file protein35.cif (mmCIF, C-alpha atoms)
data_run
#
loop_
_atom_site.label_atom_id
_atom_site.label_comp_id
_atom_site.auth_asym_id
_atom_site.auth_seq_id
_atom_site.Cartn_x
_atom_site.Cartn_y
_atom_site.Cartn_z
CA MET A 266 -5.29 0.50 -20.53
CA MET A 267 -2.00 2.42 -20.73
CA LEU A 268 -3.15 4.69 -17.88
CA LEU A 269 -3.91 1.66 -15.71
CA LEU A 270 -0.57 0.04 -16.52
CA SER A 271 1.33 3.27 -15.79
CA GLY A 272 -0.54 3.68 -12.51
CA VAL A 273 0.29 0.14 -11.41
CA ILE A 274 3.98 0.61 -12.26
CA MET A 275 4.11 3.89 -10.33
CA ALA A 276 2.31 2.39 -7.32
CA VAL A 277 4.64 -0.61 -7.16
CA ALA A 278 7.71 1.60 -7.58
CA ALA A 279 6.53 4.07 -4.95
CA GLY A 280 5.74 1.24 -2.51
CA THR A 281 9.17 -0.31 -3.05
CA LEU A 282 10.96 3.00 -2.59
CA HIS A 283 8.96 3.80 0.55
CA VAL A 284 9.63 0.42 2.17
CA SER A 285 13.33 0.80 1.35
CA GLY A 286 13.36 4.27 2.92
CA LEU A 287 14.38 5.93 -0.34
CA ARG A 288 13.10 9.27 -1.71
CA LEU A 289 12.72 10.30 -5.31
CA ASP A 290 12.10 13.96 -6.08
CA ASN A 291 13.62 14.37 -9.55
CA THR A 292 14.98 12.46 -12.51
CA VAL A 293 18.62 12.74 -11.46
CA GLU A 294 17.80 10.95 -8.19
CA MET A 295 16.14 8.18 -10.20
CA ILE A 296 19.40 7.59 -12.07
CA ASP A 297 21.30 7.45 -8.77
CA LEU A 298 18.79 4.91 -7.41
CA PHE A 299 19.07 2.65 -10.48
CA GLU A 300 22.87 2.60 -10.63
CA PRO A 301 23.44 0.35 -7.55
CA LEU A 302 20.80 -2.09 -8.80
CA GLY A 303 21.99 -2.49 -12.37
CA GLY A 304 25.28 -0.69 -12.61
CA LYS A 305 26.34 2.06 -14.98
CA LEU A 306 24.76 0.27 -17.94
CA ALA A 307 21.31 0.40 -16.27
CA ALA A 308 21.77 4.11 -15.56
CA PHE A 309 22.80 4.71 -19.18
CA VAL A 310 19.79 2.75 -20.51
CA LEU A 311 17.51 4.78 -18.20
CA ILE A 312 18.97 8.06 -19.49
CA ILE A 313 18.51 6.92 -23.10
CA GLY A 314 14.93 5.84 -22.29
CA ILE A 315 14.06 9.18 -20.70
CA ALA A 316 15.56 11.11 -23.63
CA GLY A 317 13.76 8.84 -26.11
CA ALA A 318 10.44 9.32 -24.34
CA GLY A 319 10.89 13.08 -24.45
CA LEU A 320 11.81 13.14 -28.12
CA SER A 321 9.03 10.75 -29.15
CA THR A 322 6.56 13.04 -27.40
CA ILE A 323 7.88 16.24 -28.97
CA PHE A 324 7.47 15.18 -32.62
CA PRO A 325 3.69 14.55 -32.59
CA ILE A 326 3.12 17.70 -30.54
CA VAL A 327 4.93 19.97 -33.00
CA LEU A 328 3.15 18.41 -35.97
CA ILE A 329 -0.37 18.81 -34.57
CA ALA A 330 -0.77 22.52 -35.39
CA PRO A 331 0.45 22.36 -39.03
CA TRP A 332 -1.67 19.27 -39.69
CA LEU A 333 -4.77 20.83 -38.12
CA VAL A 334 -4.34 23.98 -40.22
CA SER A 335 -3.89 21.88 -43.38
CA ASP A 336 -6.95 19.77 -42.56
CA TYR A 337 -9.03 22.86 -41.82
CA ARG A 338 -8.04 24.50 -45.09
CA GLY A 339 -8.38 21.28 -47.07
CA THR A 340 -4.82 21.53 -48.36
CA VAL A 341 -2.09 18.91 -48.62
CA ARG A 342 0.03 18.51 -45.50
CA ASN A 343 3.34 20.20 -46.20
CA ILE A 344 5.60 20.56 -43.19
CA HIS A 345 8.16 22.34 -45.37
CA SER A 346 5.90 25.36 -45.97
CA THR A 347 6.77 28.64 -44.30
CA GLN A 348 3.62 28.60 -42.17
CA SER A 349 4.26 25.03 -40.98
CA ARG A 350 7.86 25.84 -40.13
CA TRP A 351 6.75 28.82 -38.05
CA LEU A 352 4.17 26.74 -36.21
CA ILE A 353 6.74 24.01 -35.55
CA PHE A 354 9.26 26.61 -34.37
CA LEU A 355 6.74 28.13 -31.95
CA ALA A 356 5.80 24.70 -30.61
CA LEU A 357 9.46 23.77 -30.07
CA LEU A 358 10.14 27.14 -28.46
CA PHE A 359 7.23 26.58 -26.09
CA ALA A 360 8.24 22.98 -25.34
CA PHE A 361 11.88 23.73 -24.68
CA GLY A 362 10.99 26.97 -22.92
CA THR A 363 9.48 24.97 -20.07
CA VAL A 364 13.04 24.11 -19.05
CA PHE A 365 13.43 27.67 -17.79
CA LEU A 366 10.32 27.52 -15.63
CA GLU A 367 11.06 27.03 -11.96
CA GLU A 368 8.86 23.96 -11.76
CA ARG A 369 9.78 20.34 -11.27
CA PRO A 370 9.32 18.12 -14.37
CA PRO A 371 6.62 15.91 -12.74
CA ALA A 372 4.53 19.03 -12.04
CA LEU A 373 4.88 20.14 -15.68
CA MET A 374 3.90 16.66 -16.85
CA ILE A 375 0.80 16.70 -14.64
CA PHE A 376 -0.11 20.17 -15.91
CA SER A 377 0.27 19.06 -19.54
CA GLN A 378 -1.94 16.02 -18.93
CA ALA A 379 -4.54 18.21 -17.22
CA PHE A 380 -4.44 20.61 -20.18
CA GLN A 381 -5.05 17.70 -22.56
CA ALA A 382 -8.31 17.03 -20.71
CA CYS A 383 -9.47 20.45 -21.88
CA ILE A 384 -8.97 19.48 -25.53
CA LEU A 385 -11.63 16.72 -25.56
CA PRO A 386 -14.64 19.06 -25.15
CA ALA A 387 -13.15 21.38 -27.77
CA VAL A 388 -13.20 18.45 -30.20
CA ALA A 389 -16.36 16.58 -29.12
CA ILE A 390 -18.72 19.58 -29.12
CA PRO A 391 -17.96 20.67 -32.71
CA ILE A 392 -18.25 17.03 -33.83
CA PHE A 393 -21.69 16.86 -32.20
CA ILE A 394 -22.77 20.07 -33.90
CA LEU A 395 -21.43 19.15 -37.34
CA ILE A 396 -22.68 15.55 -37.36
CA ASN A 397 -26.23 16.77 -36.66
CA ARG A 398 -26.39 19.32 -39.49
CA LYS A 399 -28.76 17.93 -42.11
CA LYS A 400 -27.47 20.38 -44.70
CA LEU A 401 -23.94 19.10 -44.23
CA MET A 402 -24.51 15.38 -43.53
CA HIS A 403 -27.61 14.77 -45.71
CA LYS A 404 -28.73 11.16 -45.20
CA TYR A 405 -25.72 10.43 -42.92
CA LYS A 406 -26.98 12.68 -40.12
CA ALA A 407 -26.36 11.16 -36.69
CA SER A 408 -28.85 8.69 -35.24
CA ASN A 409 -30.30 9.03 -31.75
CA SER A 410 -28.01 6.33 -30.36
CA LEU A 411 -24.92 8.05 -31.82
CA ASN A 412 -26.10 11.38 -30.41
CA LEU A 413 -26.55 9.75 -27.01
CA GLY A 414 -23.02 8.35 -27.19
CA ILE A 415 -21.50 11.67 -28.22
CA ALA A 416 -23.50 13.46 -25.51
CA ALA A 417 -22.05 11.01 -22.96
CA VAL A 418 -18.56 11.75 -24.25
CA ILE A 419 -19.21 15.50 -23.99
CA LEU A 420 -20.54 15.13 -20.44
CA PHE A 421 -17.54 12.99 -19.46
CA SER A 422 -15.14 15.45 -21.09
CA LEU A 423 -16.69 18.42 -19.28
CA ILE A 424 -16.44 16.60 -15.94
CA THR A 425 -12.81 15.62 -16.50
CA THR A 426 -11.98 19.15 -17.67
CA TRP A 427 -13.58 20.60 -14.55
CA LEU A 428 -11.67 18.17 -12.33
CA ALA A 429 -8.40 18.95 -14.11
CA ILE A 430 -8.85 22.72 -13.87
CA SER A 431 -10.16 22.71 -10.29
CA GLU A 432 -6.96 20.99 -9.10
CA PHE A 433 -4.96 24.05 -10.15
CA LEU A 434 -7.31 26.68 -8.72
#
call {"tool": "encode", "arguments": {"input": "protein35.cif", "output": "structure tokens"}}
result
Amino acid sequence: MMLLLSGVIMAVAAGTLHVSGLRLDNTVEMIDLFEPLGGKLAAFVLIIGIAGAGLSTIFPIVLIAPWLVSDYRGTVRNIHSTQSRWLIFLALLFAFGTVFLEERPPALMIFSQAFQACILPAVAIPIFILINRKKLMHKYKASNSLNLGIAAVILFSLITTWLAISEFL
């Protein structure tokens, strides 16, 4: 639903900008376009919104690796451990390192979304394998209908991964 809503907002905004004869190639231009419509306060709110969106995205990303390692090991999540701090540091270094790439932010955002499509098969396939192990699941082994559903998810994830990767080749 969020994807549909975002797409509609972008389509309406792009149509409005095109009809008005305006171009938008980067974030700074977006601030310049908003200022005549709403004044300096609107530009300030837009800047705060963009910064907030960036920060709210960074925190879950840097916590994923330490939490996955803790879940895999069966230990308590402790983001203050040395290993977690190193993983968080590396994630932040990678995230903020993209600033030095000579790529426009929308292209980096598209690449990150395409990369996320590659994560679904990496999660769905092991789930399929583990949920069908009788030795592990005992009487809770997956039913045929659940296997069919997971197989559909795997097929969908492989197709979307292929489409995401083929766009960059």
call {"tool": "residues_around", "arguments": {"input": "protein35.cif", "residues": "Lys406 (chain A)", "least_positions_apart": "5", "cutoff": "9 Å", "atoms": "only C-alpha atoms", "output": "PyMOL selection string"}}
result
chain A and resi 395-401
call {"tool": "residues_around", "arguments": {"input": "protein35.cif", "residues": "Ser335 (chain A)", "least_positions_apart": "5", "cutoff": "12 Å", "atoms": "only C-alpha atoms", "output": "PyMOL selection string"}}
result
chain A and resi 328-330+340-344+346+348-349+352
call {"tool": "closest_residue", "arguments": {"input": "protein35.cif", "among": "A:Ala387, A:Phe324, A:Ile375, A:Asp336", "to": "Ala356 (chain A)", "atoms": "only C-alpha atoms"}}
result
A:Phe324
call {"tool": "closest_residue", "arguments": {"input": "protein35.cif", "among": "A:Leu366, A:Leu373, A:Met402, A:Leu423", "to": "Ile390 (chain A)", "atoms": "all atoms listed in the file"}}
result
A:Leu423
call {"tool": "closest_residue", "arguments": {"input": "protein35.cif", "among": "A:Leu298, A:Gln378, A:Leu282, A:Arg350", "to": "Pro331 (chain A)", "atoms": "all atoms listed in the file"}}
result
A:Arg350
